[in-house]
>>> print(open('protein_21.csv').read())   # CSV, C-alpha atoms and all ligand atoms
chain,number,residue,atom,x,y,z
A,1,MET,CA,0.0,0.0,0.0
A,2,GLU,CA,2.9,2.4,0.9
A,3,THR,CA,4.3,1.9,-2.6
A,4,PHE,CA,0.9,2.6,-4.2
A,5,ILE,CA,0.5,5.9,-2.2
A,6,ILE,CA,4.0,7.1,-3.1
A,7,SER,CA,3.5,6.2,-6.8
A,8,LEU,CA,0.1,7.9,-6.9
A,9,PHE,CA,1.5,11.0,-5.4
A,10,ILE,CA,4.6,11.0,-7.7
A,11,PHE,CA,2.4,10.5,-10.7
A,12,PHE,CA,0.2,13.6,-9.9
A,13,PHE,CA,3.1,15.6,-8.7
A,14,THR,CA,5.2,15.0,-11.9
A,15,ILE,CA,2.3,15.8,-14.2
A,16,GLU,CA,1.6,18.9,-12.3
A,17,ARG,CA,5.2,20.1,-12.5
A,18,ILE,CA,5.4,19.3,-16.2
A,19,VAL,CA,2.2,21.2,-16.9
A,20,SER,CA,3.4,24.2,-14.8
A,21,TYR,CA,6.8,24.4,-16.3
A,22,GLY,CA,5.4,23.7,-19.8
A,23,LEU,CA,2.8,26.5,-19.7
A,24,ALA,CA,5.3,29.0,-18.2
A,25,GLU,CA,7.8,28.1,-21.0
A,26,LEU,CA,5.1,28.4,-23.7
A,27,ASN,CA,4.2,31.8,-22.3
A,28,ILE,CA,7.7,33.1,-22.4
A,29,ARG,CA,8.3,31.8,-25.9
A,30,TYR,CA,5.1,33.5,-27.0
A,31,LEU,CA,6.2,36.7,-25.4
A,32,ARG,CA,9.6,36.5,-27.2
A,33,LYS,CA,7.9,35.9,-30.5
A,34,HIS,CA,5.8,39.0,-30.1
A,35,SER,CA,8.4,41.1,-28.4
A,36,ASN,CA,9.2,43.2,-31.4
A,37,SER,CA,5.7,43.9,-32.7
A,38,MET,CA,2.9,45.0,-30.5
A,39,PRO,CA,-0.5,43.6,-31.5
A,40,ASP,CA,-2.2,46.1,-33.9
A,41,PHE,CA,-5.1,46.2,-31.6
A,42,PHE,CA,-3.2,48.3,-29.1
A,43,LYS,CA,-1.7,50.8,-31.6
A,44,GLY,CA,-2.8,54.2,-30.7
A,45,SER,CA,-3.6,53.4,-27.1
A,46,ILE,CA,-0.3,52.0,-25.9
A,47,ASP,CA,3.0,53.4,-27.1
A,48,ASP,CA,6.0,51.3,-28.2
A,49,GLU,CA,8.1,52.2,-25.2
A,50,THR,CA,5.5,51.0,-22.7
A,51,TYR,CA,5.1,47.8,-24.7
A,52,LYS,CA,8.9,47.2,-24.6
A,53,LYS,CA,8.9,47.8,-20.9
A,54,SER,CA,6.0,45.4,-20.4
A,55,VAL,CA,7.8,42.7,-22.4
A,56,ALA,CA,11.0,43.2,-20.3
A,57,TYR,CA,9.0,43.1,-17.0
A,58,THR,CA,7.0,40.0,-18.0
A,59,PHE,CA,10.2,38.3,-19.1
A,60,ASP,CA,12.0,38.9,-15.8
A,61,LYS,CA,8.9,37.9,-13.8
A,62,GLY,CA,8.8,34.7,-15.8
A,63,LYS,CA,12.5,34.0,-15.0
A,64,LEU,CA,11.8,34.6,-11.3
A,65,SER,CA,8.8,32.4,-11.3
A,66,ARG,CA,10.8,29.6,-12.9
A,67,TRP,CA,13.2,29.9,-9.9
A,68,SER,CA,10.3,29.8,-7.5
A,69,MET,CA,8.8,26.7,-9.2
A,70,THR,CA,12.2,25.0,-8.9
A,71,MET,CA,12.4,25.9,-5.3
A,72,ASP,CA,8.9,24.5,-4.7
A,73,THR,CA,9.8,21.2,-6.4
A,74,ILE,CA,13.0,20.9,-4.2
A,75,VAL,CA,11.1,21.7,-1.0
A,76,THR,CA,8.3,19.2,-1.7
A,77,ILE,CA,10.8,16.5,-2.4
A,78,LEU,CA,13.0,17.3,0.6
A,79,PHE,CA,10.0,17.5,2.9
A,80,LEU,CA,8.4,14.3,1.9
A,81,PHE,CA,11.2,12.1,0.8
A,82,GLY,CA,14.3,13.8,2.2
A,83,GLY,CA,13.3,13.3,5.8
A,84,VAL,CA,12.6,17.0,6.7
A,85,LEU,CA,9.1,16.3,8.0
A,86,ALA,CA,10.3,13.2,9.9
A,87,TRP,CA,13.1,15.2,11.4
A,88,LEU,CA,10.7,18.0,12.4
A,89,GLU,CA,8.3,15.5,14.0
A,90,HIS,CA,11.2,14.0,16.0
A,91,TRP,CA,12.4,17.4,17.1
A,92,SER,CA,8.9,18.7,18.2
A,93,ALA,CA,8.3,15.4,20.2
A,94,SER,CA,11.7,15.8,21.9
A,95,TYR,CA,10.3,18.6,24.2
A,96,GLY,CA,8.0,16.1,25.8
A,97,LEU,CA,5.0,18.4,25.6
A,98,GLY,CA,1.4,17.2,25.4
A,99,GLU,CA,-0.1,16.1,22.1
A,100,ILE,CA,-1.6,19.5,21.2
A,101,TRP,CA,1.4,21.6,22.1
A,102,THR,CA,3.8,19.2,20.3
A,103,GLY,CA,1.5,19.7,17.3
A,104,ILE,CA,1.8,23.4,17.6
A,105,VAL,CA,5.6,23.4,17.9
A,106,PHE,CA,5.7,21.1,14.8
A,107,MET,CA,3.5,23.4,12.7
A,108,VAL,CA,5.2,26.6,13.8
A,109,GLY,CA,8.6,24.9,13.1
A,110,LEU,CA,7.2,24.1,9.6
A,111,GLY,CA,6.0,27.6,9.1
A,112,VAL,CA,9.4,29.1,10.2
A,113,ILE,CA,11.3,26.8,7.8
A,114,LEU,CA,9.0,27.7,4.9
A,115,PHE,CA,9.3,31.4,5.7
A,116,PHE,CA,13.1,31.3,5.5
A,117,ILE,CA,13.1,29.3,2.4
A,118,GLY,CA,10.7,31.8,0.7
A,119,LEU,CA,12.6,34.9,2.0
A,120,PRO,CA,15.4,35.1,-0.6
A,121,LEU,CA,12.9,35.0,-3.5
A,122,ASP,CA,10.7,37.5,-1.8
A,123,LEU,CA,13.6,39.9,-1.3
A,124,ILE,CA,14.7,39.4,-4.9
A,125,SER,CA,11.2,40.1,-6.1
A,126,THR,CA,10.8,43.3,-4.1
A,127,PHE,CA,14.4,44.8,-4.3
A,128,ARG,CA,15.6,43.4,-7.7
A,129,LEU,CA,12.7,42.7,-10.0
A,130,GLU,CA,10.2,45.4,-8.9
A,131,GLN,CA,13.1,47.9,-8.3
A,132,LYS,CA,14.6,47.3,-11.7
A,133,HIS,CA,11.3,48.0,-13.5
A,134,GLY,CA,10.6,51.1,-11.5
A,135,PHE,CA,7.7,49.8,-9.3
A,136,ASN,CA,9.3,49.4,-5.9
A,137,LYS,CA,8.9,52.1,-3.3
A,138,THR,CA,9.4,49.8,-0.3
A,139,THR,CA,12.5,50.8,1.8
A,140,PRO,CA,14.4,48.0,3.6
A,141,ARG,CA,13.1,49.6,6.8
A,142,LEU,CA,9.5,49.3,5.7
A,143,TYR,CA,10.1,45.8,4.5
A,144,ILE,CA,11.4,44.7,7.9
A,145,ALA,CA,8.5,46.5,9.7
A,146,ASP,CA,6.0,44.7,7.4
A,147,LYS,CA,7.5,41.3,8.0
A,148,ALA,CA,7.6,41.9,11.8
A,149,LYS,CA,4.0,42.9,11.8
A,150,GLU,CA,3.0,39.9,9.6
A,151,THR,CA,4.8,37.6,12.0
A,152,ILE,CA,3.2,38.9,15.1
A,153,ILE,CA,-0.3,38.8,13.5
A,154,SER,CA,0.2,35.3,12.2
A,155,ILE,CA,1.4,34.1,15.7
A,156,VAL,CA,-1.5,35.8,17.5
A,157,ILE,CA,-4.1,34.4,15.0
A,158,SER,CA,-2.7,31.0,14.0
A,159,ILE,CA,-1.7,29.5,17.4
A,160,PRO,CA,-5.1,29.7,19.0
A,161,CYS,CA,-6.7,28.4,15.7
A,162,LEU,CA,-4.3,25.6,15.5
A,163,TYR,CA,-4.9,24.8,19.1
A,164,LEU,CA,-8.6,24.5,18.5
A,165,ILE,CA,-8.3,22.4,15.4
A,166,LEU,CA,-5.9,20.0,17.0
A,167,TRP,CA,-8.2,19.8,20.0
A,168,PHE,CA,-11.2,19.0,17.8
A,169,MET,CA,-9.1,16.2,16.2
A,170,MET,CA,-8.2,14.8,19.6
A,171,ALA,CA,-11.5,15.3,21.5
A,172,THR,CA,-14.5,15.1,19.1
A,173,GLY,CA,-14.0,11.7,17.5
A,174,THR,CA,-14.4,10.8,13.9
A,175,ILE,CA,-16.5,13.8,13.0
A,176,TRP,CA,-13.9,16.3,14.2
A,177,TRP,CA,-13.7,17.6,10.7
A,178,VAL,CA,-17.3,18.8,10.9
A,179,TRP,CA,-16.4,20.8,14.0
A,180,ALA,CA,-13.3,22.1,12.4
A,181,PHE,CA,-15.3,23.2,9.4
A,182,CYS,CA,-17.8,25.1,11.5
A,183,PHE,CA,-15.0,26.7,13.4
A,184,ILE,CA,-13.0,27.8,10.3
A,185,MET,CA,-16.2,29.2,8.7
A,186,ALA,CA,-17.0,31.2,11.8
A,187,PHE,CA,-13.4,32.4,11.9
A,188,GLN,CA,-13.4,33.5,8.3
A,189,PHE,CA,-16.6,35.4,8.9
A,190,ILE,CA,-15.1,37.2,11.8
A,191,MET,CA,-12.0,37.9,9.8
A,192,LEU,CA,-14.1,39.5,7.0
A,193,ILE,CA,-15.3,42.0,9.6
A,194,ILE,CA,-12.0,42.4,11.5
A,195,TYR,CA,-9.6,42.5,8.6
A,196,PRO,CA,-10.6,45.8,6.9
A,197,ILE,CA,-11.1,47.6,10.2
A,198,PHE,CA,-8.2,46.4,12.4
A,199,ILE,CA,-5.6,44.6,10.4
A,200,ALA,CA,-5.3,46.3,7.0
A,201,PRO,CA,-4.8,49.7,8.7
A,202,LEU,CA,-1.7,48.4,10.4
A,203,PHE,CA,-0.1,48.3,7.0
A,204,ASN,CA,-1.7,51.1,5.1
A,205,LYS,CA,-3.5,54.4,5.7
A,206,PHE,CA,-7.2,54.4,4.6
A,207,GLU,CA,-8.8,57.8,4.1
A,208,PRO,CA,-12.4,58.4,3.1
A,209,ILE,CA,-12.2,60.0,-0.3
A,210,GLU,CA,-12.4,63.8,0.2
A,211,ASP,CA,-11.8,65.0,-3.4
A,212,CYS,CA,-15.2,66.8,-3.9
A,213,GLU,CA,-15.6,66.0,-7.6
A,214,LEU,CA,-14.8,62.3,-7.2
A,215,LYS,CA,-16.8,62.1,-4.0
A,216,ASP,CA,-19.9,63.6,-5.5
A,217,ALA,CA,-19.6,61.4,-8.6
A,218,ILE,CA,-19.3,58.3,-6.3
A,219,LEU,CA,-22.4,59.3,-4.3
A,220,ASP,CA,-24.3,60.0,-7.5
A,221,PHE,CA,-23.3,56.7,-9.0
A,222,CYS,CA,-24.2,54.7,-5.9
A,223,LYS,CA,-27.6,56.3,-5.9
A,224,THR,CA,-28.3,55.2,-9.5
A,225,ALA,CA,-26.9,51.7,-8.9
A,226,LYS,CA,-28.9,51.4,-5.7
A,227,PHE,CA,-25.8,50.6,-3.7
A,228,SER,CA,-25.5,51.8,-0.1
A,229,VAL,CA,-22.0,52.9,0.4
A,230,THR,CA,-20.5,52.2,3.7
A,231,GLY,CA,-17.2,53.6,2.7
A,232,VAL,CA,-15.0,54.4,-0.3
A,233,PHE,CA,-11.4,54.7,0.8
A,234,ARG,CA,-8.2,55.9,-0.7
A,235,MET,CA,-5.3,53.7,0.3
A,236,ASP,CA,-1.7,54.8,0.2
A,237,GLY,CA,-0.5,52.0,-1.9
A,238,SER,CA,2.2,54.2,-3.3
A,239,LYS,CA,4.2,53.8,-0.1
A,240,ARG,CA,5.2,50.3,-1.3
A,241,SER,CA,4.8,50.2,-5.0
A,242,THR,CA,3.6,52.1,-8.0
A,243,HIS,CA,1.4,49.2,-9.0
A,244,SER,CA,-2.2,50.2,-8.9
A,245,ASN,CA,-5.5,48.4,-8.1
A,246,ALA,CA,-8.9,48.6,-6.6
A,247,TYR,CA,-10.8,46.1,-4.5
A,248,PHE,CA,-13.9,45.3,-2.5
A,249,THR,CA,-13.7,44.0,1.0
A,250,GLY,CA,-15.5,43.4,4.2
A,251,ILE,CA,-19.1,42.6,5.2
A,252,GLY,CA,-21.9,44.5,6.9
A,253,LYS,CA,-20.5,47.7,8.5
A,254,SER,CA,-17.0,46.9,7.4
A,255,ARG,CA,-18.0,46.6,3.8
A,256,ARG,CA,-15.9,49.0,1.7
A,257,ILE,CA,-14.3,49.8,-1.6
A,258,VAL,CA,-10.7,50.6,-1.6
A,259,LEU,CA,-9.0,52.6,-4.4
A,260,PHE,CA,-5.2,52.8,-4.5
A,261,ASP,CA,-3.9,56.4,-4.5
A,262,THR,CA,-1.9,55.4,-7.5
A,263,LEU,CA,-5.1,54.7,-9.4
A,264,ILE,CA,-6.9,57.9,-8.2
A,265,ASN,CA,-3.9,60.0,-9.3
A,266,GLU,CA,-3.8,58.6,-12.8
A,267,MET,CA,-7.4,58.4,-13.7
A,268,THR,CA,-10.1,60.9,-14.6
A,269,THR,CA,-13.1,61.0,-12.4
A,270,GLN,CA,-15.2,59.0,-14.9
A,271,GLN,CA,-12.5,56.4,-15.3
A,272,ALA,CA,-12.3,55.9,-11.5
A,273,ILE,CA,-16.1,55.6,-11.4
A,274,ALA,CA,-15.9,52.9,-14.1
A,275,VAL,CA,-13.4,51.0,-11.9
A,276,LEU,CA,-15.6,51.5,-8.8
A,277,ALA,CA,-18.7,50.4,-10.8
A,278,HIS,CA,-16.9,47.2,-11.8
A,279,GLU,CA,-16.1,46.4,-8.1
A,280,ILE,CA,-19.7,47.2,-7.1
A,281,GLY,CA,-20.8,44.9,-10.0
A,282,HIS,CA,-19.0,42.0,-8.2
A,283,TYR,CA,-21.1,42.6,-5.2
A,284,LYS,CA,-24.4,43.3,-6.9
A,285,LEU,CA,-24.1,40.2,-9.2
A,286,HIS,CA,-23.3,38.0,-6.1
A,287,HIS,CA,-19.9,37.0,-7.3
A,288,ILE,CA,-18.5,37.4,-3.8
A,289,LYS,CA,-21.1,35.2,-2.2
A,290,LYS,CA,-20.7,32.6,-4.9
A,291,MET,CA,-16.9,32.5,-4.4
A,292,ILE,CA,-17.3,32.2,-0.6
A,293,CYS,CA,-19.8,29.3,-1.2
A,294,ILE,CA,-17.4,27.5,-3.5
A,295,GLY,CA,-14.5,28.1,-1.1
A,296,SER,CA,-16.5,26.6,1.7
A,297,ILE,CA,-17.4,23.5,-0.3
A,298,GLY,CA,-13.7,23.2,-1.2
A,299,LEU,CA,-12.8,23.5,2.5
A,300,LEU,CA,-15.4,20.9,3.5
A,301,ALA,CA,-14.2,18.5,0.9
A,302,GLY,CA,-10.6,19.0,2.0
A,303,LEU,CA,-11.4,18.5,5.7
A,304,PHE,CA,-13.5,15.4,4.8
A,305,VAL,CA,-10.4,14.0,3.0
A,306,ILE,CA,-8.2,14.6,6.0
A,307,GLY,CA,-11.0,13.3,8.3
A,308,ASN,CA,-10.9,10.0,6.4
A,309,ILE,CA,-7.1,9.5,6.0
A,310,TYR,CA,-5.7,11.1,9.2
A,311,ASN,CA,-5.4,7.8,11.0
A,312,TYR,CA,-4.6,5.6,8.0
A,313,PRO,CA,-1.2,4.1,9.0
A,314,PRO,CA,0.2,3.3,5.4
A,315,LEU,CA,0.0,7.0,4.6
A,316,PHE,CA,2.4,7.8,7.4
A,317,ASN,CA,4.6,4.8,6.9
A,318,ALA,CA,5.0,5.8,3.3
A,319,PHE,CA,6.8,9.0,4.4
A,320,HIS,CA,8.4,7.5,7.6
A,321,LEU,CA,6.2,9.5,9.9
A,322,GLU,CA,4.4,8.8,13.1
A,323,PRO,CA,0.6,8.8,12.7
A,324,THR,CA,0.0,12.0,14.6
A,325,ASN,CA,-2.7,14.6,13.9
A,326,HIS,CA,-0.2,17.3,13.1
A,327,ALA,CA,1.7,15.1,10.7
A,328,ALA,CA,-1.7,14.4,8.9
A,329,LEU,CA,-2.3,18.2,8.6
A,330,ALA,CA,1.3,18.8,7.3
A,331,LEU,CA,1.0,16.0,4.8
A,332,PHE,CA,-2.3,17.3,3.5
A,333,LEU,CA,-0.9,20.9,3.2
A,334,ILE,CA,2.1,19.7,1.2
A,335,MET,CA,0.5,17.0,-0.9
A,336,SER,CA,-2.9,18.5,-1.7
A,337,LYS,CA,-1.5,21.2,-4.1
A,338,SER,CA,-0.6,18.5,-6.6
A,339,PHE,CA,-4.2,17.3,-6.7
A,340,THR,CA,-6.1,20.6,-6.4
A,341,PHE,CA,-3.8,22.0,-9.2
A,342,TYR,CA,-6.1,20.3,-11.7
A,343,LEU,CA,-9.0,22.5,-10.6
A,344,THR,CA,-7.1,25.8,-11.3
A,345,PRO,CA,-8.4,26.2,-14.9
A,346,ILE,CA,-12.0,25.7,-13.7
A,347,PHE,CA,-11.8,28.4,-11.0
A,348,ALA,CA,-9.9,30.7,-13.4
A,349,ALA,CA,-12.6,30.3,-16.0
A,350,LEU,CA,-15.3,31.0,-13.5
A,351,SER,CA,-13.5,34.1,-12.2
A,352,ARG,CA,-13.0,35.4,-15.8
A,353,LYS,CA,-16.7,34.9,-16.4
A,354,HIS,CA,-17.4,37.1,-13.3
A,355,GLU,CA,-14.9,39.8,-14.6
A,356,TYR,CA,-16.8,40.0,-18.0
A,357,ALA,CA,-20.1,40.2,-16.2
A,358,SER,CA,-18.8,43.0,-13.9
A,359,ASP,CA,-17.4,44.9,-16.8
A,360,LYS,CA,-20.8,44.7,-18.5
A,361,PHE,CA,-22.5,45.9,-15.3
A,362,ALA,CA,-20.1,48.8,-15.0
A,363,VAL,CA,-20.6,49.8,-18.7
A,364,GLU,CA,-24.4,49.6,-18.5
A,365,GLN,CA,-24.6,51.5,-15.2
A,366,THR,CA,-22.3,54.3,-16.2
A,367,ASN,CA,-23.0,54.2,-19.9
A,368,GLY,CA,-19.3,54.6,-20.2
A,369,LYS,CA,-17.8,52.1,-22.6
A,370,GLU,CA,-14.9,54.4,-23.4
A,371,HIS,CA,-14.2,55.2,-19.8
A,372,MET,CA,-14.1,51.6,-18.8
A,373,GLU,CA,-11.8,50.8,-21.7
A,374,ALA,CA,-9.6,53.7,-21.0
A,375,ALA,CA,-9.4,52.8,-17.3
A,376,LEU,CA,-8.4,49.2,-18.1
A,377,LEU,CA,-5.8,50.3,-20.6
A,378,LYS,CA,-4.4,52.8,-18.0
A,379,LEU,CA,-4.2,50.0,-15.4
A,380,THR,CA,-2.5,47.8,-17.9
A,381,LYS,CA,0.1,50.5,-18.7
A,382,GLN,CA,0.6,51.3,-15.1
A,383,ASN,CA,1.2,47.7,-14.1
A,384,LEU,CA,3.1,46.8,-17.3
A,385,SER,CA,0.8,43.8,-17.8
A,386,ASN,CA,1.6,41.2,-20.4
A,387,LEU,CA,-0.3,42.2,-23.6
A,388,THR,CA,0.3,38.9,-25.3
A,389,PRO,CA,0.0,35.9,-22.9
A,390,HIS,CA,-0.1,32.5,-24.5
A,391,PRO,CA,-3.8,31.5,-24.9
A,392,TRP,CA,-3.2,28.2,-23.0
A,393,TYR,CA,-1.4,30.0,-20.2
A,394,SER,CA,-4.0,32.6,-19.7
A,395,ALA,CA,-6.8,30.0,-20.0
A,396,PHE,CA,-5.2,28.0,-17.2
A,397,HIS,CA,-4.0,30.6,-14.8
A,398,TYR,CA,-5.6,34.0,-15.5
A,399,SER,CA,-8.3,35.1,-13.0
A,400,HIS,CA,-8.9,38.1,-15.2
A,401,PRO,CA,-9.3,37.9,-19.0
A,402,ALA,CA,-6.3,38.9,-21.1
A,403,ILE,CA,-6.6,42.6,-21.7
A,404,LEU,CA,-7.2,42.2,-25.5
A,405,GLU,CA,-10.2,40.0,-25.0
A,406,ARG,CA,-11.5,42.1,-22.2
A,407,VAL,CA,-11.5,45.3,-24.2
A,408,LYS,CA,-13.0,43.5,-27.2
A,409,ALA,CA,-15.8,42.3,-25.0
A,410,ILE,CA,-16.4,45.8,-23.7
A,411,ARG,CA,-16.7,47.2,-27.2
A,412,GLU,CA,-19.4,44.6,-27.9
A,413,ILE,CA,-21.5,45.6,-25.0
A,414,LYS,CA,-24.7,47.4,-26.0
A,415,ALA,CA,-25.2,50.5,-23.9
A,416,ARG,CA,-28.6,50.4,-22.1
A,417,ARG,CA,-29.0,54.1,-21.7
A,418,VAL,CA,-28.2,56.8,-24.2
B,1,ZN,ZN,-13.1,42.4,-11.1
>>> encode(input="protein_21.csv", output="structure tokens")
Amino acid sequence: METFIISLFIFFFTIERIVSYGLAELNIRYLRKHSNSMPDFFKGSIDDETYKKSVAYTFDKGKLSRWSMTMDTIVTILFLFGGVLAWLEHWSASYGLGEIWTGIVFMVGLGVILFFIGLPLDLISTFRLEQKHGFNKTTPRLYIADKAKETIISIVISIPCLYLILWFMMATGTIWWVWAFCFIMAFQFIMLIIYPIFIAPLFNKFEPIEDCELKDAILDFCKTAKFSVTGVFRMDGSKRSTHSNAYFTGIGKSRRIVLFDTLINEMTTQQAIAVLAHEIGHYKLHHIKKMICIGSIGLLAGLFVIGNIYNYPPLFNAFHLEPTNHAALALFLIMSKSFTFYLTPIFAALSRKHEYASDKFAVEQTNGKEHMEAALLKLTKQNLSNLTPHPWYSAFHYSHPAILERVKAIREIKARRV
């Protein structure tokens, strides 16, 4: 049985790696092929220099992601077959703590190792890649402060959560995973309320939008779209990077729309309204609720799987581990990626469908095809997004449609009001 488990995992893992590397390689080659000639579609709206910059940026990002994939492969192999997990298990048991605290020491140890493995690539990404292409505004001091805050928050949040989950596993019998599910759902719900109000402000400043023209336009728009605004905020994203974005977050009283200052500074009022309308579209069209539902089904399925294998001895024997609850969690965390990977294109396709629908909503509500299009092109320029992703790559990975398809779809929308 042990051999079967190992072979099954290696089979899925190998195909996953081949597909990942293959798609990334295709994407880079496609980029190289188009690197000297921008698609005619963009002529007039994007200049050659920006195009060249976007090619160079995508190319460098591709190189870094190749490194990160290789690192991931090595880490998975070392953890499962190189004895790292077994060593960690031995080490955490050596303190002679109770079952739950041994589990916590084990999981925290795992987290620390993964943090330090990921750190060099994170540093290279911020201070080399983003710096080289003119995006980075993070100083080393801010970087360290961010990491310190993230560490403290994750300790404060994850240790009690881990304690409870390990306790459910120990104390509530074979249906522990149902309890764990209810707890995680409640926790996520609370986080939806807490995050925008208490956690996000630790990293950024959020100010209600005061600019009169924009503010009036926002209020006007919300009235026509019958959307009660609880807050539209400007976030000082420019303190870390010149990348620009907008997002919708929170629930109930903490529900809010956040526009990056980099976006507000670059866009006209009507373009900013188009972006805002798109975000409200996600809410109005129930995309957020749908995604939360799908996420919970995924979570329940995952917990059901762990619930059924967590005391199956051959699984632990296969990787030379003791059959403990924390080892089951760690195995699941490391191995499940190779299986859930195959669902990526399905979720990406669903997310792209939502993006098209939200664009349509925004255009219809604002009667502003050209503003939506201009806003998207500005975002594309500002973020130096890849204008020519390989169709297979974007179909598999892209949560947002490639810009060319997106603009084409916008042009085809029939305005409702004239
Ligand atoms: Zn969207």
>>> residues_near_point(input="protein_21.csv", point="(-12.8, 24.4, -9.7)", cutoff="12 Å", atoms="only C-alpha atoms", output="ChimeraX atom specification")
/A:291,294-295,297-298,339-351,396-397
>>> closest_residue(input="protein_21.csv", among="A:Gly83, A:Gly134, A:Gly302, A:Gly281", to="ligand ZN 1 (chain B)", atoms="all atoms listed in the file")
A:Gly281
>>> atom_distance(input="protein_21.csv", atom1="CA of Thr380 (chain A)", atom2="CA of Arg255 (chain A)")
26.7 Å
>>> residues_near_point(input="protein_21.csv", point="(-10.6, 55.7, 0.9)", cutoff="12 Å", atoms="only C-alpha atoms", output="count of residues only")
34
>>> residues_around(input="protein_21.csv", residues="Ala301 (chain A)", least_positions_apart="6", cutoff="10 Å", atoms="all atoms listed in the file", output="count of residues only")
4
>>> closest_atom_pairs(input="protein_21.csv", of="chain A", to="ligand ZN 1 (chain B)", cutoff="12 Å", atoms="only C-alpha atoms and all ligand atoms", output="JSON lines")
{"residue": "A:Asn245", "atom": "CA", "partner": "B:ZN1", "partner_atom": "ZN", "distance": 10.1}
{"residue": "A:Ala246", "atom": "CA", "partner": "B:ZN1", "partner_atom": "ZN", "distance": 8.7}
{"residue": "A:Tyr247", "atom": "CA", "partner": "B:ZN1", "partner_atom": "ZN", "distance": 7.9}
{"residue": "A:Phe248", "atom": "CA", "partner": "B:ZN1", "partner_atom": "ZN", "distance": 9.1}
{"residue": "A:Ala274", "atom": "CA", "partner": "B:ZN1", "partner_atom": "ZN", "distance": 11.3}
{"residue": "A:Val275", "atom": "CA", "partner": "B:ZN1", "partner_atom": "ZN", "distance": 8.6}
{"residue": "A:Leu276", "atom": "CA", "partner": "B:ZN1", "partner_atom": "ZN", "distance": 9.7}
{"residue": "A:Ala277", "atom": "CA", "partner": "B:ZN1", "partner_atom": "ZN", "distance": 9.8}
{"residue": "A:His278", "atom": "CA", "partner": "B:ZN1", "partner_atom": "ZN", "distance": 6.2}
{"residue": "A:Glu279", "atom": "CA", "partner": "B:ZN1", "partner_atom": "ZN", "distance": 5.8}
{"residue": "A:Ile280", "atom": "CA", "partner": "B:ZN1", "partner_atom": "ZN", "distance": 9.1}
{"residue": "A:Gly281", "atom": "CA", "partner": "B:ZN1", "partner_atom": "ZN", "distance": 8.2}
{"residue": "A:His282", "atom": "CA", "partner": "B:ZN1", "partner_atom": "ZN", "distance": 6.6}
{"residue": "A:Tyr283", "atom": "CA", "partner": "B:ZN1", "partner_atom": "ZN", "distance": 9.9}
{"residue": "A:Leu285", "atom": "CA", "partner": "B:ZN1", "partner_atom": "ZN", "distance": 11.4}
{"residue": "A:His287", "atom": "CA", "partner": "B:ZN1", "partner_atom": "ZN", "distance": 9.5}
{"residue": "A:Ile288", "atom": "CA", "partner": "B:ZN1", "partner_atom": "ZN", "distance": 10.4}
{"residue": "A:Leu350", "atom": "CA", "partner": "B:ZN1", "partner_atom": "ZN", "distance": 11.9}
{"residue": "A:Ser351", "atom": "CA", "partner": "B:ZN1", "partner_atom": "ZN", "distance": 8.4}
{"residue": "A:Arg352", "atom": "CA", "partner": "B:ZN1", "partner_atom": "ZN", "distance": 8.4}
{"residue": "A:Lys353", "atom": "CA", "partner": "B:ZN1", "partner_atom": "ZN", "distance": 9.9}
{"residue": "A:His354", "atom": "CA", "partner": "B:ZN1", "partner_atom": "ZN", "distance": 7.2}
{"residue": "A:Glu355", "atom": "CA", "partner": "B:ZN1", "partner_atom": "ZN", "distance": 4.7}
{"residue": "A:Tyr356", "atom": "CA", "partner": "B:ZN1", "partner_atom": "ZN", "distance": 8.2}
{"residue": "A:Ala357", "atom": "CA", "partner": "B:ZN1", "partner_atom": "ZN", "distance": 8.9}
{"residue": "A:Ser358", "atom": "CA", "partner": "B:ZN1", "partner_atom": "ZN", "distance": 6.4}
{"residue": "A:Asp359", "atom": "CA", "partner": "B:ZN1", "partner_atom": "ZN", "distance": 7.6}
{"residue": "A:Lys360", "atom": "CA", "partner": "B:ZN1", "partner_atom": "ZN", "distance": 10.9}
{"residue": "A:Phe361", "atom": "CA", "partner": "B:ZN1", "partner_atom": "ZN", "distance": 10.9}
{"residue": "A:Ala362", "atom": "CA", "partner": "B:ZN1", "partner_atom": "ZN", "distance": 10.3}
{"residue": "A:Leu376", "atom": "CA", "partner": "B:ZN1", "partner_atom": "ZN", "distance": 10.8}
{"residue": "A:Ser399", "atom": "CA", "partner": "B:ZN1", "partner_atom": "ZN", "distance": 8.9}
{"residue": "A:His400", "atom": "CA", "partner": "B:ZN1", "partner_atom": "ZN", "distance": 7.3}
{"residue": "A:Pro401", "atom": "CA", "partner": "B:ZN1", "partner_atom": "ZN", "distance": 9.9}
{"residue": "A:Arg406", "atom": "CA", "partner": "B:ZN1", "partner_atom": "ZN", "distance": 11.2}
>>> closest_residue(input="protein_21.csv", among="A:Phe319, A:Gly98, A:Gly103, A:Leu303", to="Ser336 (chain A)", atoms="all atoms listed in the file")
A:Leu303
>>> closest_atom_pairs(input="protein_21.csv", of="region 233-305 of chain A", to="region 381-386 of chain A", cutoff="10 Å", atoms="only C-alpha atoms", output="JSON lines")
{"residue": "A:Thr242", "atom": "CA", "partner": "A:Gln382", "partner_atom": "CA", "distance": 7.7}
{"residue": "A:His243", "atom": "CA", "partner": "A:Asn383", "partner_atom": "CA", "distance": 5.3}
{"residue": "A:Ser244", "atom": "CA", "partner": "A:Asn383", "partner_atom": "CA", "distance": 6.7}
{"residue": "A:Asn245", "atom": "CA", "partner": "A:Asn383", "partner_atom": "CA", "distance": 9.0}
{"residue": "A:Thr262", "atom": "CA", "partner": "A:Gln382", "partner_atom": "CA", "distance": 9.0}
{"residue": "A:Leu263", "atom": "CA", "partner": "A:Gln382", "partner_atom": "CA", "distance": 8.7}
{"residue": "A:Glu266", "atom": "CA", "partner": "A:Gln382", "partner_atom": "CA", "distance": 8.8}
